[in-house]
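Here the structure is laid out as structure tokens; the discussion comes afterwards.
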Amino acid sequence: MQRRLSDYLIVTLKGMAMGAADVVPGVSGGTIAFISGIYEELIRSIHQVNLSALKKWKKEGFRSMWS
């Protein structure tokens with residue numbers, strides 16, 4: 001899926017709304033993600049995180065992980 005700059009801006013604003021919702025008692029960031037229509041993408045993105053790369057970043061630094 002090819003995204004435009006405006007698409008990234010919209011997702012960023014939705015993410016900021018998720019973060020702001022966590023400050024309000026009784027409101028979840030996940031609820032805001034669901035309402036704004038990015039919940040499925042959020043779950044897919046979390047699933048694609050490479051844990052071994054994160055461990056390498058912690059142990060050997062960003063440059064080593066990136067290569």
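Residues in the structure tokens are named by chain (A, B, ... in the order shown) and by number from 1 within that chain; ligands are numbered from 1 in the order shown.
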| Which neighbours of range 24-39 of chain A fall inside 8 Å, counting only C-alpha atoms, when residues of the same chain fewer than 6 positions from it are skipped, and could you give them as JSON, numbers by chain? | {"A": [11, 14, 15, 17, 18]}
| message | Would you pick out the contacts of Trp66 in chain A at 10 Å or less, using only C-alpha atoms, so that residues sharing its chain but fewer than 6 positions from it are not included, and give the list as a ChimeraX atom specification? | response | /A:53,56-57
Could the residues in this selection be written to a file with all heavy atoms, as a tab-separated table (two decimals), in the first residue's frame?
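The file below, result.tsv, is the result:
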```tsv
chain	number	residue	atom	x	y	z
A	53	ALA	N	15.71	-8.09	16.61
A	53	ALA	CA	16.34	-6.82	16.22
A	53	ALA	C	16.35	-5.84	17.38
A	53	ALA	O	17.34	-5.12	17.59
A	53	ALA	CB	15.61	-6.22	15.02
A	56	LYS	N	19.09	-6.86	19.71
A	56	LYS	CA	20.39	-6.49	19.15
A	56	LYS	C	20.63	-5.00	19.33
A	56	LYS	O	21.74	-4.57	19.63
A	56	LYS	CB	20.46	-6.87	17.67
A	56	LYS	CG	21.81	-6.65	17.06
A	56	LYS	CD	21.91	-7.28	15.69
A	56	LYS	CE	23.35	-7.19	15.23
A	56	LYS	NZ	23.65	-8.17	14.22
A	57	TRP	N	19.58	-4.20	19.14
A	57	TRP	CA	19.69	-2.74	19.32
A	57	TRP	C	20.11	-2.43	20.75
A	57	TRP	O	21.00	-1.62	20.99
A	57	TRP	CB	18.38	-2.10	18.99
A	57	TRP	CG	18.35	-0.60	19.05
A	57	TRP	CD1	19.41	0.25	19.20
A	57	TRP	CD2	17.21	0.24	18.95
A	57	TRP	NE1	18.99	1.55	19.19
A	57	TRP	CE2	17.65	1.58	19.05
A	57	TRP	CE3	15.86	0.00	18.79
A	57	TRP	CZ2	16.78	2.65	18.99
A	57	TRP	CZ3	15.00	1.08	18.72
A	57	TRP	CH2	15.46	2.39	18.82
```
| For Ser52 in chain A, which of A:Glu40, A:Met65, A:Leu5, A:Gly19 is the closest residue, counting only C-alpha atoms? |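 Residue with the minimum atom-to-atom distance to Ser52 in chain A: A:Met65.
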| message | Between CA of Leu54 in chain A and CA of Leu42 in chain A, what is the distance in Å, rounded to a tenth? | response |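 Distance between the two atoms: 18.3 Å.
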| query | In Å to one decimal, how far is CA of Met16 in chain A from CA of Ile46 in chain A? | reply | 16.9 Å
